[in-house]
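Read through the structure below, which is laid out as structure tokens, and then see the notes.
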Amino acid sequence: MSSLRGRVVKRLLQARQLTRSVAADEATPPPFDAPNQLGERLLKIRKDAGSGVSQERFAKLMDDHLAGEPALDQPMISRYERGEREPKPEYLEAYAKVAGIELSELTKLRSSADCLHVASRPLRFPLVPSIALLLLAALLVIWFLTQQQAGAHQLEAIYEVGSTKPLRLVRGDHVLWQYEADRPSIMHVPPLMTDLDGDGSKEIVASFDPLTPEDAPGRIVALSSTKDLRWAESFGGVAAMGTRVFGNHYFTHWLKRFKTESSDFIVAVLAHQPHFPSLVLIIDPTSGQLIGDYLHPGRIEALYLTDLNLNGRDELLLGGINNPGQGPGRPSLAIFELPFVQATEPDAIFGRLQLRETQYFLFPRNDLFDLSMSVPAVKGIRRGGVGQYSFDINDPEGRAISWTLDRWLRPLGVYPSDTFSMAHNEKLDHLLGQEEIDSWLPIDRFERAPNANWNLGGQDR
């Protein structure tokens, strides 16, 4: 290691051929001391090496070297020799130029010196940071082991979509129990793992759909972690629209729990097989009591819970399509203000008593949807800007339009997707312009769900 220092210094002396000289102007100091005084300077600088040298200072020294006014920074050289500091590539190159050594040769010398030094020097760490690092490492190990142990003991409900295999509750690789419905059933949505009664233990809520119409009705059950039946709710029932009769065969499309400061309920959305109605069940999670049900004239594709008008009471928003009977229908939105209210009069489509909507909306169709006879539906509901909500309407081809409404559900803007615009311009005899887009802005409002295929007009919003 000392040989590296000596080699650099020697090359410096050889390259510069430093000798004592007297400047013509006494005010101008000589650029460098004579060789016999160089050692004294080296010893003095080395003695002061304990304070270290900053990168900024080193950069200045290098600038001095390259400017032809060399200055020695022996502490920095020594730090490099000892491996305490790693020089930047440009600094190494500068030292090599000043020392008259090829950069590759200097790198070799440093590598050999570093290897010797690493083998001989003791490890030195500041005491306080070392203790902190050890404590942090210990905490990380404890956390990792805890997570592994928790994962091994975590309960998990296992099911297979579209399978008649029984529901299983497992912990790690161990199957605790299996549950089969009392009639041939199939599961279409994942079960809920949720604490129904606030006792700290999670229950399993699962929906078992009838395998065939003869196996109806289906059942939603709540089971404890020890397989005790907490409650069960059957679903289905025969419905009619005029002379049309719909059987008791439904399958689960949504199963979700909504829990806020002011609301707590389970929503099950069941789609009829093979016709259009959707049956919505609102269930009390603790008792399993049916709060109410709602038969909608079309598929429900989106659920959203929010306090629309900031009155402290939540609203449940059900987005989908209204298309009973023959016809493509229109995108729809049903609003229910909580607490849910039972209607006192039968609804106009199915003639049954059910939960009453607070408001009901139909979004307009357009010439592209009409040309392809597509069935667009509200597929997504999300919060937009302050006091705004976005309603994403897609048809089966993936062509989307988004409506932005304020908290009073007044339309603010319509935004067709690029896919929609491209399809419109390719299939129709005119290009999509802003005037046509603006014509889609109004939406129709109703007190109850109408039959959208009758082309009923509501109150313009």
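Every chain in the structure tokens takes a letter, A first, then B, and so on in the order presented; its residues are numbered from 1, and the ligands are numbered from 1 following the presented order.
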**OP:** Pick out the residues sitting within 12 Å of segment 431-435 of chain A, and hand them over as number ranges by chain; count only C-alpha atoms, and ignore anything fewer than 5 positions along from it in its own chain.
**Re:** A: 366-368, 413-418, 420-426, 440-441
Please identify every residue of segment 185-260 of chain A that has at least one atom no farther than 9 Å from an atom of segment 276-279 of chain A, counting only C-alpha atoms, and for each give the shortest atom pair and the distance in Å to one decimal, arranged by chain then increasing number, as a Markdown table.
| residue | atom | partner | partner_atom | distance |
| --- | --- | --- | --- | --- |
| A:Phe235 | CA | A:Leu279 | CA | 8.6 |
| A:Gly236 | CA | A:Leu279 | CA | 7.8 |
| A:Ala239 | CA | A:Pro277 | CA | 8.9 |
| A:Phe246 | CA | A:Pro277 | CA | 8.5 |
| A:Tyr250 | CA | A:Leu279 | CA | 8.2 |
| A:His253 | CA | A:Ser278 | CA | 9.0 |
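Each of A:Leu295, A:Leu303, A:Val375, A:Leu136 was compared to Arg356 of chain A using only C-alpha atoms, and A:Leu295 turns out to be the nearest.
Residue nearest Ile401 of chain A within the list A:Pro376, A:Ile300, A:His188, A:Asp429: A:Pro376 [criterion: smallest interatomic distance, only C-alpha atoms].
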Original post:
Could you state the separation of atom CA of Gly325 of chain A and atom CA of Pro450 of chain A in Å, given to one decimal place?
Top reply: 12.2 Å
